[in-house]
file structure.txt (compact mmCIF, C-alpha atoms)
# COMPACT_ATOMS: atom_id res chain seq x y z
CA MET A 25 -35.29 68.64 -167.76
CA THR A 26 -36.34 71.49 -169.95
CA VAL A 27 -39.09 71.37 -172.56
CA HIS A 28 -39.10 73.81 -175.45
CA SER A 29 -41.67 74.19 -178.21
CA GLN A 30 -41.88 76.42 -181.23
CA SER A 31 -44.73 76.98 -183.67
CA GLY A 32 -44.55 76.93 -187.43
CA ILE A 33 -47.22 76.80 -190.13
CA SER A 34 -46.22 77.12 -193.77
CA ASN A 35 -47.69 79.80 -195.99
CA THR A 36 -48.80 77.05 -198.38
CA LEU A 37 -50.83 75.38 -195.65
CA LEU A 38 -52.35 78.65 -194.52
CA GLY A 39 -53.33 79.49 -198.05
CA ALA A 40 -55.11 76.16 -198.44
CA ILE A 41 -57.35 76.56 -195.39
CA GLY A 42 -60.69 78.36 -195.55
CA GLY A 43 -61.80 81.30 -193.39
CA GLY A 44 -63.49 79.72 -190.35
CA MET A 45 -61.14 76.77 -190.15
CA LEU A 46 -58.17 79.12 -190.57
CA ALA A 47 -59.42 81.30 -187.71
CA ALA A 48 -59.68 78.34 -185.35
CA LEU A 49 -56.26 77.05 -186.40
CA VAL A 50 -54.55 80.40 -186.00
CA LEU A 51 -56.07 80.86 -182.57
CA LEU A 52 -54.73 77.44 -181.63
CA VAL A 53 -51.32 78.75 -182.68
CA TYR A 54 -52.03 81.88 -180.62
CA PHE A 55 -52.05 79.93 -177.40
CA ALA A 56 -50.15 76.79 -178.21
CA GLY A 57 -48.28 76.61 -181.49
CA ALA A 58 -47.80 73.47 -183.54
CA ILE A 59 -48.24 70.40 -181.37
CA GLY A 60 -44.85 69.18 -180.33
CA GLY A 61 -42.22 69.41 -177.64
CA SER A 62 -39.59 67.10 -176.24
CA SER A 63 -38.56 65.72 -172.91
CA SER A 64 -35.27 64.21 -171.84
CA GLY A 65 -36.85 62.20 -169.03
CA GLU A 66 -34.22 63.44 -166.59
CA GLU A 67 -35.19 64.66 -163.14
CA PRO A 68 -33.83 68.07 -162.08
CA SER A 69 -31.32 68.63 -159.32
CA GLY A 70 -31.16 71.34 -156.67
CA ASP A 71 -33.92 73.89 -156.11
CA VAL A 72 -36.54 73.55 -158.82
CA TYR A 73 -39.05 75.76 -160.63
CA VAL A 74 -41.79 73.73 -162.34
CA SER A 75 -43.42 75.16 -165.47
CA MET A 76 -46.62 73.51 -166.73
CA GLY A 77 -48.95 74.37 -169.59
CA ASP A 78 -48.92 75.15 -173.31
CA SER A 79 -46.40 76.57 -175.77
CA VAL A 80 -46.39 80.00 -174.14
CA ALA A 81 -44.95 78.24 -171.07
CA ALA A 82 -42.69 76.14 -173.29
CA GLY A 83 -41.16 79.29 -174.80
CA GLY A 84 -43.09 79.76 -178.03
CA GLY A 85 -42.16 83.03 -179.74
CA ALA A 86 -38.97 83.60 -177.78
CA SER A 87 -35.81 84.04 -179.83
CA ASP A 88 -34.15 81.49 -177.54
CA ALA A 89 -36.49 79.55 -175.27
CA HIS A 90 -33.50 78.40 -173.21
CA THR A 91 -32.65 81.94 -172.11
CA VAL A 92 -35.38 84.54 -172.80
CA SER A 93 -38.71 82.72 -172.44
CA PHE A 94 -40.61 83.78 -169.34
CA ALA A 95 -39.83 80.44 -167.67
CA ALA A 96 -36.11 80.72 -168.43
CA LEU A 97 -36.04 84.32 -167.19
CA LEU A 98 -37.68 83.33 -163.91
CA ALA A 99 -35.31 80.42 -163.39
CA THR A 100 -32.34 82.73 -163.91
CA ARG A 101 -33.70 85.45 -161.64
CA ARG A 102 -34.53 82.99 -158.88
CA GLU A 103 -31.34 80.94 -159.37
CA VAL A 104 -33.21 77.65 -159.63
CA THR A 105 -33.31 74.74 -162.06
CA LEU A 106 -36.12 74.90 -164.61
CA PHE A 107 -38.20 71.72 -164.88
CA ASN A 108 -40.42 72.54 -167.84
CA VAL A 109 -43.05 69.95 -168.76
CA ALA A 110 -45.14 72.38 -170.83
CA GLN A 111 -46.23 71.10 -174.23
CA ALA A 112 -47.39 73.03 -177.27
CA GLY A 113 -51.00 72.15 -178.00
CA ALA A 114 -51.86 71.35 -174.38
CA ALA A 115 -55.31 72.28 -173.13
CA THR A 116 -56.25 71.89 -169.47
CA ARG A 117 -57.15 68.21 -170.01
CA GLN A 118 -53.67 67.43 -171.34
CA VAL A 119 -52.04 69.27 -168.44
CA LEU A 120 -53.99 67.06 -166.05
CA ASP A 121 -53.58 63.79 -167.92
CA GLU A 122 -50.04 64.09 -169.26
CA GLN A 123 -48.03 66.69 -167.34
CA LEU A 124 -49.16 66.22 -163.76
CA SER A 125 -47.73 62.70 -163.57
CA LEU A 126 -44.30 64.09 -164.49
CA VAL A 127 -44.43 66.66 -161.70
CA LEU A 128 -45.87 64.72 -158.76
CA PRO A 129 -42.73 62.60 -158.12
CA ILE A 130 -40.64 65.68 -157.27
CA LEU A 131 -43.19 67.52 -155.14
CA GLY A 132 -42.35 65.82 -151.85
CA GLY A 133 -40.15 67.71 -149.43
CA ASP A 134 -38.95 71.22 -150.27
CA ARG A 135 -37.16 70.79 -153.60
CA VAL A 136 -39.73 72.74 -155.63
CA SER A 137 -39.49 76.49 -155.09
CA PHE A 138 -42.62 77.38 -157.07
CA ILE A 139 -44.90 76.24 -159.91
CA THR A 140 -46.41 78.20 -162.79
CA ILE A 141 -49.33 76.99 -164.89
CA SER A 142 -50.19 78.56 -168.25
CA ALA A 143 -53.31 76.63 -169.29
CA GLY A 144 -56.78 77.40 -170.54
CA GLY A 145 -55.88 79.31 -173.67
CA ASN A 146 -56.30 76.30 -175.94
CA ASP A 147 -59.69 75.60 -174.43
CA PHE A 148 -60.67 79.14 -175.43
CA ALA A 149 -59.00 79.13 -178.86
CA ALA A 150 -62.19 78.88 -180.91
CA LEU A 151 -64.09 81.51 -178.92
CA ILE A 152 -62.13 84.59 -179.96
CA PRO A 153 -62.97 84.42 -183.70
CA ASN A 154 -66.54 83.33 -182.89
CA ALA A 155 -68.59 86.44 -183.68
CA ALA A 156 -71.45 85.18 -181.50
CA CYS A 157 -69.24 85.66 -178.44
CA THR A 158 -69.26 89.44 -179.00
CA GLU A 159 -73.07 89.68 -178.88
CA ASP A 160 -74.94 90.87 -175.78
CA PRO A 161 -76.68 88.81 -174.56
CA ARG A 162 -74.60 85.93 -175.86
CA PRO A 163 -76.52 83.39 -177.95
CA ALA A 164 -76.24 79.62 -177.47
CA SER A 165 -73.87 79.50 -180.44
CA CYS A 166 -71.18 80.99 -178.16
CA PRO A 167 -70.27 78.21 -175.67
CA LEU A 168 -68.44 80.59 -173.34
CA GLU A 169 -70.13 79.54 -170.10
CA GLU A 170 -69.69 75.84 -170.88
CA THR A 171 -66.03 76.38 -171.72
CA LEU A 172 -65.44 78.44 -168.57
CA ALA A 173 -67.05 75.75 -166.42
CA GLY A 174 -64.87 73.04 -167.93
CA VAL A 175 -61.65 75.02 -167.57
CA SER A 176 -62.50 75.98 -163.99
CA ALA A 177 -63.24 72.37 -163.02
CA ARG A 178 -60.00 71.07 -164.51
CA LEU A 179 -57.87 73.84 -162.99
CA ASP A 180 -59.50 73.17 -159.64
CA GLU A 181 -58.72 69.45 -159.92
CA LEU A 182 -55.14 70.25 -160.92
CA LEU A 183 -54.62 72.57 -157.95
CA ARG A 184 -56.20 70.07 -155.57
CA LEU A 185 -53.87 67.29 -156.70
CA LEU A 186 -50.82 69.55 -156.52
CA ARG A 187 -51.87 70.66 -153.04
CA ASP A 188 -52.36 67.06 -151.93
CA ALA A 189 -48.78 66.37 -153.00
CA ASN A 190 -47.36 69.54 -151.46
CA PRO A 191 -49.50 71.73 -149.17
CA ARG A 192 -47.21 74.78 -149.23
CA VAL A 193 -45.46 75.17 -152.59
CA PRO A 194 -46.34 78.54 -154.18
CA ILE A 195 -48.39 78.19 -157.37
CA VAL A 196 -49.08 80.90 -159.96
CA LEU A 197 -51.74 80.58 -162.62
CA VAL A 198 -50.65 82.65 -165.60
CA GLY A 199 -53.46 84.82 -166.95
CA TYR A 200 -53.46 85.40 -170.68
CA PRO A 201 -52.86 88.96 -171.84
CA ASN A 202 -54.47 90.15 -175.04
CA PHE A 203 -51.65 89.22 -177.40
CA PHE A 204 -53.31 91.31 -180.11
CA ALA A 205 -53.26 94.51 -178.04
CA GLY A 206 -51.76 97.49 -179.82
CA THR A 207 -51.54 95.68 -183.16
CA GLY A 208 -54.77 96.84 -184.81
CA HIS A 209 -55.57 93.23 -185.66
CA ALA A 210 -59.22 92.33 -186.22
CA TRP A 211 -59.11 90.05 -183.18
CA GLU A 212 -57.81 92.72 -180.80
CA GLU A 213 -61.28 93.69 -179.56
CA PRO A 214 -62.81 90.16 -179.46
CA ALA A 215 -59.81 88.85 -177.51
CA GLY A 216 -60.11 91.80 -175.14
CA ARG A 217 -63.69 90.76 -174.38
CA VAL A 218 -63.21 87.01 -173.99
CA LEU A 219 -59.85 86.64 -172.22
CA PRO A 220 -60.72 88.68 -169.09
CA GLU A 221 -63.45 86.12 -168.38
CA LEU A 222 -60.84 83.37 -168.37
CA VAL A 223 -58.67 85.39 -165.99
CA ASP A 224 -61.68 85.94 -163.69
CA ALA A 225 -62.31 82.18 -163.69
CA MET A 226 -58.67 81.60 -162.74
CA ARG A 227 -58.99 84.05 -159.85
CA ALA A 228 -62.11 82.28 -158.58
CA VAL A 229 -60.33 78.91 -158.59
CA ALA A 230 -57.14 80.30 -157.03
CA SER A 231 -59.11 81.87 -154.17
CA ARG A 232 -60.00 78.39 -152.90
CA TYR A 233 -56.38 77.55 -152.10
CA GLU A 234 -53.64 78.99 -149.94
CA ARG A 235 -50.45 80.27 -151.57
CA VAL A 236 -51.99 80.36 -155.04
CA ALA A 237 -52.11 83.57 -157.07
CA VAL A 238 -52.92 84.68 -160.61
CA ALA A 239 -50.40 86.63 -162.68
CA THR A 240 -52.06 89.27 -164.85
CA PRO A 241 -49.65 90.54 -167.52
CA SER A 242 -51.12 93.37 -169.58
CA PHE A 243 -49.84 93.94 -173.09
CA HIS A 244 -52.32 96.76 -173.72
CA GLU A 245 -51.00 98.97 -170.94
CA GLN A 246 -47.32 98.25 -171.50
CA SER A 247 -46.99 98.06 -175.29
CA ARG A 248 -46.71 101.86 -175.72
CA GLY A 249 -47.23 101.34 -179.42
CA GLN A 250 -44.54 98.65 -179.64
CA PRO A 251 -46.01 95.20 -180.39
CA LEU A 252 -45.05 92.55 -177.86
CA THR A 253 -45.84 89.58 -180.10
CA HIS A 254 -45.11 88.41 -183.63
CA VAL A 255 -48.64 89.27 -184.80
CA LEU A 256 -47.35 91.81 -187.32
CA ASP A 257 -44.48 89.62 -188.46
CA GLU A 258 -44.37 87.68 -191.70
CA PRO A 259 -45.39 84.92 -191.35
CA PHE A 260 -48.06 85.72 -188.77
CA ASP A 261 -47.29 84.29 -185.33
CA PRO A 262 -49.09 85.72 -182.30
CA HIS A 263 -46.83 84.23 -179.64
CA PRO A 264 -45.13 86.75 -177.34
CA ASN A 265 -41.75 87.99 -178.51
CA ASP A 266 -38.82 88.44 -176.13
CA ALA A 267 -40.26 91.68 -174.73
CA GLY A 268 -43.63 90.00 -174.24
CA HIS A 269 -42.05 87.08 -172.39
CA ALA A 270 -40.27 89.57 -170.12
CA ILE A 271 -43.59 91.24 -169.24
CA ILE A 272 -45.12 87.85 -168.42
CA ALA A 273 -42.12 87.05 -166.20
CA ASP A 274 -42.52 90.38 -164.40
CA ALA A 275 -46.21 89.67 -163.75
CA ILE A 276 -45.36 86.25 -162.31
CA GLU A 277 -42.74 87.85 -160.06
CA ALA A 278 -45.42 90.22 -158.76
CA ALA A 279 -47.76 87.30 -158.09
CA LEU A 280 -45.03 85.40 -156.23
CA LYS A 281 -44.43 88.44 -154.03
CA GLU A 282 -48.17 88.56 -153.37
CA ILE A 283 -47.92 85.00 -152.04
CA GLY A 284 -44.89 86.01 -150.00
CA THR A 285 -42.21 84.26 -152.01
call {"tool": "encode", "arguments": {"input": "structure.txt", "output": "C-alpha cells"}}
result
Amino acid sequence: MTVHSQSGISNTLLGAIGGGMLAALVLLVYFAGAIGGSSSGEEPSGDVYVSMGDSVAAGGGASDAHTVSFAALLATRREVTLFNVAQAGAATRQVLDEQLSLVLPILGGDRVSFITISAGGNDFAALIPNAACTEDPRPASCPLEETLAGVSARLDELLRLLRDANPRVPIVLVGYPNFFAGTGHAWEEPAGRVLPELVDAMRAVASRYERVAVATPSFHEQSRGQPLTHVLDEPFDPHPNDAGHAIIADAIEAALKEIGT
C-alpha cells in the first residue's frame, strides 16, 4: 500500500484570507499540504519500509510521489516495498491515533526493514510566523515550550508502542530542514530559529531508545543558491521539490547507517 498526497490552494482562496490567518494556513501547507491522502487497504508483501507522518512523507512537492519522493527513493535504493501510511495534515496526534493502528499488524517478525517518521511540523506550523517566537527572552505569547513538550510526549509514546511491537526494527525520525533556506523569504530566519528546537527535541526522545536515530537534512548548506523547494514558484508551495526530496533521502540513509542498517 502506498499513500500519496499533494497540496493545492487556489489563488482566489489565498487572496480572500487575511494576513495572520494566511500565515498560519501557509505554514500548515509548508509541513502538510491540503488535508487528504488515500489508502488501498492492502497489506504489503516481501521486505517492507514503513513511512509515517505528514505530506512531506507522503510525497508532497515531488513531481511524481511514486518515484522521486524521499520515501519512494529509499524504497528503490533498499529494494523493499513501500508501505506509506503518511497523511497530509497529520500532526503527531494523528500519527498516533490514525496511522499507528495501520502499522502495528505488520511489525511482528522481521518483515519490516525500517521505519521513518516525519511528524511534528504541523504542531509547529503556527510558531514560525509568530513574531513573539523571535524575541529573547520569549514572551508567553509564543507557546514554544508547551508545543515542544507536547510533541516530545507524543513522539515518545509513538516510539514506545512501536518498540513494544518490534524491539529491533530501525526507526528514523526525520528532522525538518529549513525549507525557506536560500530563498530570501521573510520566514527564512524565523524558521531557522524555531525548527532546530524541534530537531533537538527529536534527538532527546530518540536517545531513550535503541536503534532509533534522527535524520538531519540541511537545505541551507546544500542549496548552493539553488532552491530545493517550490517556495519561489507560482503559486507558492514550500514543499521540497525533487532535489529537496533527494537530500532528505540521503540524510535518512546516513541515519540508517548510524544505526547499523
call {"tool": "residues_near_point", "arguments": {"input": "structure.txt", "point": "(-41.6, 65.7, -156.0)", "cutoff": "12 Å", "atoms": "all atoms listed in the file", "output": "VMD selection string"}}
result
chain A and resid 67 to 74 107 124 to 139 186 to 190 193
call {"tool": "atom_distance", "arguments": {"input": "structure.txt", "atom1": "CA of Ala275 in chain A", "atom2": "CA of Pro262 in chain A"}}
result
19.2 Å
call {"tool": "atom_distance", "arguments": {"input": "structure.txt", "atom1": "CA of Ala86 in chain A", "atom2": "CA of Asn108 in chain A"}}
result
14.9 Å
call {"tool": "residues_around", "arguments": {"input": "structure.txt", "residues": "range 93-104 of chain A", "least_positions_apart": "6", "cutoff": "12 Å", "atoms": "only C-alpha atoms", "output": "MDAnalysis selection string"}}
result
chainID A and resid 26:30 68:87 110 135:142 198 241 263:278 280 285
call {"tool": "residues_around", "arguments": {"input": "structure.txt", "residues": "Ala115 in chain A", "least_positions_apart": "2", "cutoff": "10 Å", "atoms": "all atoms listed in the file", "output": "PyMOL selection string"}}
result
chain A and resi 52+55-56+77-78+111-113+117-120+142-149+175+178
call {"tool": "atom_distance", "arguments": {"input": "structure.txt", "atom1": "CA of Ile152 in chain A", "atom2": "CA of Arg217 in chain A"}}
result
8.5 Å
call {"tool": "residues_around", "arguments": {"input": "structure.txt", "residues": "Ala225 in chain A", "least_positions_apart": "5", "cutoff": "9 Å", "atoms": "only C-alpha atoms", "output": "compact mmCIF listing (two decimals) with C-alpha atoms, in the coordinates of the input"}}
result
# COMPACT_ATOMS: atom_id res chain seq x y z
CA LEU A 172 -65.44 78.44 -168.57
CA ALA A 173 -67.05 75.75 -166.42
CA VAL A 175 -61.65 75.02 -167.57
CA SER A 176 -62.50 75.98 -163.99
CA PRO A 220 -60.72 88.68 -169.09
CA ALA A 230 -57.14 80.30 -157.03
call {"tool": "closest_residue", "arguments": {"input": "structure.txt", "among": "A:Leu179, A:Ser242, A:Arg184, A:Arg162", "to": "Tyr200 in chain A", "atoms": "only C-alpha atoms"}}
result
A:Ser242
call {"tool": "closest_residue", "arguments": {"input": "structure.txt", "among": "A:Glu122, A:Asp160, A:Asp88, A:Glu169", "to": "Glu221 in chain A", "atoms": "all atoms listed in the file"}}
result
A:Glu169
call {"tool": "residues_around", "arguments": {"input": "structure.txt", "residues": "Tyr233 in chain A", "least_positions_apart": "3", "cutoff": "12 Å", "atoms": "only C-alpha atoms", "output": "count of residues only"}}
result
26
call {"tool": "residues_around", "arguments": {"input": "structure.txt", "residues": "Glu212 in chain A", "least_positions_apart": "4", "cutoff": "10 Å", "atoms": "all atoms listed in the file", "output": "PyMOL selection string"}}
result
chain A and resi 152+202-208+216-217+244
call {"tool": "closest_residue", "arguments": {"input": "structure.txt", "among": "A:Ser165, A:Leu222, A:Trp211, A:Gly199", "to": "Ala279 in chain A", "atoms": "only C-alpha atoms"}}
result
A:Gly199
call {"tool": "closest_residue", "arguments": {"input": "structure.txt", "among": "A:Val223, A:Val218, A:Ala210, A:Ala89", "to": "Cys166 in chain A", "atoms": "all atoms listed in the file"}}
result
A:Val218
call {"tool": "build_atoms", "arguments": {"input": "structure.txt", "residues": "range 199-223 of chain A", "atoms": "N, CA and C atoms", "output": "PDB file, in the frame of the given file"}}
result
ATOM      1  N   GLY A 199     -52.373  84.279-166.157  1.00  0.00           N
ATOM      2  CA  GLY A 199     -53.460  84.820-166.950  1.00  0.00           C
ATOM      3  C   GLY A 199     -52.973  85.219-168.328  1.00  0.00           C
ATOM      4  N   TYR A 200     -53.849  85.070-169.306  1.00  0.00           N
ATOM      5  CA  TYR A 200     -53.460  85.400-170.680  1.00  0.00           C
ATOM      6  C   TYR A 200     -53.692  86.876-170.956  1.00  0.00           C
ATOM      7  N   PRO A 201     -52.647  87.596-171.373  1.00  0.00           N
ATOM      8  CA  PRO A 201     -52.860  88.960-171.840  1.00  0.00           C
ATOM      9  C   PRO A 201     -53.498  88.923-173.214  1.00  0.00           C
ATOM     10  N   ASN A 202     -53.980  90.049-173.672  1.00  0.00           N
ATOM     11  CA  ASN A 202     -54.470  90.150-175.040  1.00  0.00           C
ATOM     12  C   ASN A 202     -53.261  90.300-175.958  1.00  0.00           C
ATOM     13  N   PHE A 203     -52.842  89.190-176.569  1.00  0.00           N
ATOM     14  CA  PHE A 203     -51.650  89.220-177.400  1.00  0.00           C
ATOM     15  C   PHE A 203     -51.826  90.061-178.659  1.00  0.00           C
ATOM     16  N   PHE A 204     -53.049  90.462-178.949  1.00  0.00           N
ATOM     17  CA  PHE A 204     -53.310  91.310-180.110  1.00  0.00           C
ATOM     18  C   PHE A 204     -53.315  92.795-179.755  1.00  0.00           C
ATOM     19  N   ALA A 205     -53.175  93.120-178.484  1.00  0.00           N
ATOM     20  CA  ALA A 205     -53.260  94.510-178.040  1.00  0.00           C
ATOM     21  C   ALA A 205     -52.216  95.376-178.733  1.00  0.00           C
ATOM     22  N   GLY A 206     -52.668  96.539-179.200  1.00  0.00           N
ATOM     23  CA  GLY A 206     -51.760  97.490-179.820  1.00  0.00           C
ATOM     24  C   GLY A 206     -51.373  97.176-181.244  1.00  0.00           C
ATOM     25  N   THR A 207     -51.937  96.079-181.809  1.00  0.00           N
ATOM     26  CA  THR A 207     -51.540  95.680-183.160  1.00  0.00           C
ATOM     27  C   THR A 207     -52.523  96.160-184.231  1.00  0.00           C
ATOM     28  N   GLY A 208     -53.752  96.496-183.834  1.00  0.00           N
ATOM     29  CA  GLY A 208     -54.770  96.840-184.810  1.00  0.00           C
ATOM     30  C   GLY A 208     -55.362  95.652-185.515  1.00  0.00           C
ATOM     31  N   HIS A 209     -55.042  94.451-185.051  1.00  0.00           N
ATOM     32  CA  HIS A 209     -55.570  93.230-185.660  1.00  0.00           C
ATOM     33  C   HIS A 209     -57.073  93.122-185.419  1.00  0.00           C
ATOM     34  N   ALA A 210     -57.765  92.467-186.336  1.00  0.00           N
ATOM     35  CA  ALA A 210     -59.220  92.330-186.220  1.00  0.00           C
ATOM     36  C   ALA A 210     -59.643  91.612-184.956  1.00  0.00           C
ATOM     37  N   TRP A 211     -58.759  90.791-184.382  1.00  0.00           N
ATOM     38  CA  TRP A 211     -59.110  90.050-183.180  1.00  0.00           C
ATOM     39  C   TRP A 211     -58.728  90.774-181.888  1.00  0.00           C
ATOM     40  N   GLU A 212     -58.215  91.983-182.001  1.00  0.00           N
ATOM     41  CA  GLU A 212     -57.810  92.720-180.800  1.00  0.00           C
ATOM     42  C   GLU A 212     -58.999  92.941-179.865  1.00  0.00           C
ATOM     43  N   GLU A 213     -60.111  93.431-180.396  1.00  0.00           N
ATOM     44  CA  GLU A 213     -61.280  93.690-179.560  1.00  0.00           C
ATOM     45  C   GLU A 213     -61.949  92.408-179.078  1.00  0.00           C
ATOM     46  N   PRO A 214     -62.205  91.405-179.952  1.00  0.00           N
ATOM     47  CA  PRO A 214     -62.810  90.160-179.460  1.00  0.00           C
ATOM     48  C   PRO A 214     -61.980  89.484-178.369  1.00  0.00           C
ATOM     49  N   ALA A 215     -60.659  89.452-178.534  1.00  0.00           N
ATOM     50  CA  ALA A 215     -59.810  88.850-177.510  1.00  0.00           C
ATOM     51  C   ALA A 215     -59.895  89.633-176.205  1.00  0.00           C
ATOM     52  N   GLY A 216     -59.988  90.964-176.327  1.00  0.00           N
ATOM     53  CA  GLY A 216     -60.110  91.800-175.140  1.00  0.00           C
ATOM     54  C   GLY A 216     -61.402  91.575-174.379  1.00  0.00           C
ATOM     55  N   ARG A 217     -62.423  91.046-175.049  1.00  0.00           N
ATOM     56  CA  ARG A 217     -63.690  90.760-174.380  1.00  0.00           C
ATOM     57  C   ARG A 217     -63.705  89.374-173.735  1.00  0.00           C
ATOM     58  N   VAL A 218     -63.115  88.403-174.435  1.00  0.00           N
ATOM     59  CA  VAL A 218     -63.210  87.010-173.990  1.00  0.00           C
ATOM     60  C   VAL A 218     -62.173  86.668-172.918  1.00  0.00           C
ATOM     61  N   LEU A 219     -60.919  87.080-173.110  1.00  0.00           N
ATOM     62  CA  LEU A 219     -59.850  86.640-172.220  1.00  0.00           C
ATOM     63  C   LEU A 219     -60.001  87.105-170.779  1.00  0.00           C
ATOM     64  N   PRO A 220     -60.525  88.314-170.502  1.00  0.00           N
ATOM     65  CA  PRO A 220     -60.720  88.680-169.090  1.00  0.00           C
ATOM     66  C   PRO A 220     -61.642  87.717-168.348  1.00  0.00           C
ATOM     67  N   GLU A 221     -62.571  87.085-169.043  1.00  0.00           N
ATOM     68  CA  GLU A 221     -63.450  86.120-168.380  1.00  0.00           C
ATOM     69  C   GLU A 221     -62.671  84.878-167.955  1.00  0.00           C
ATOM     70  N   LEU A 222     -61.698  84.484-168.759  1.00  0.00           N
ATOM     71  CA  LEU A 222     -60.840  83.370-168.370  1.00  0.00           C
ATOM     72  C   LEU A 222     -60.002  83.746-167.158  1.00  0.00           C
ATOM     73  N   VAL A 223     -59.465  84.958-167.139  1.00  0.00           N
ATOM     74  CA  VAL A 223     -58.670  85.390-165.990  1.00  0.00           C
ATOM     75  C   VAL A 223     -59.536  85.448-164.733  1.00  0.00           C
TER      76      VAL A 223
END
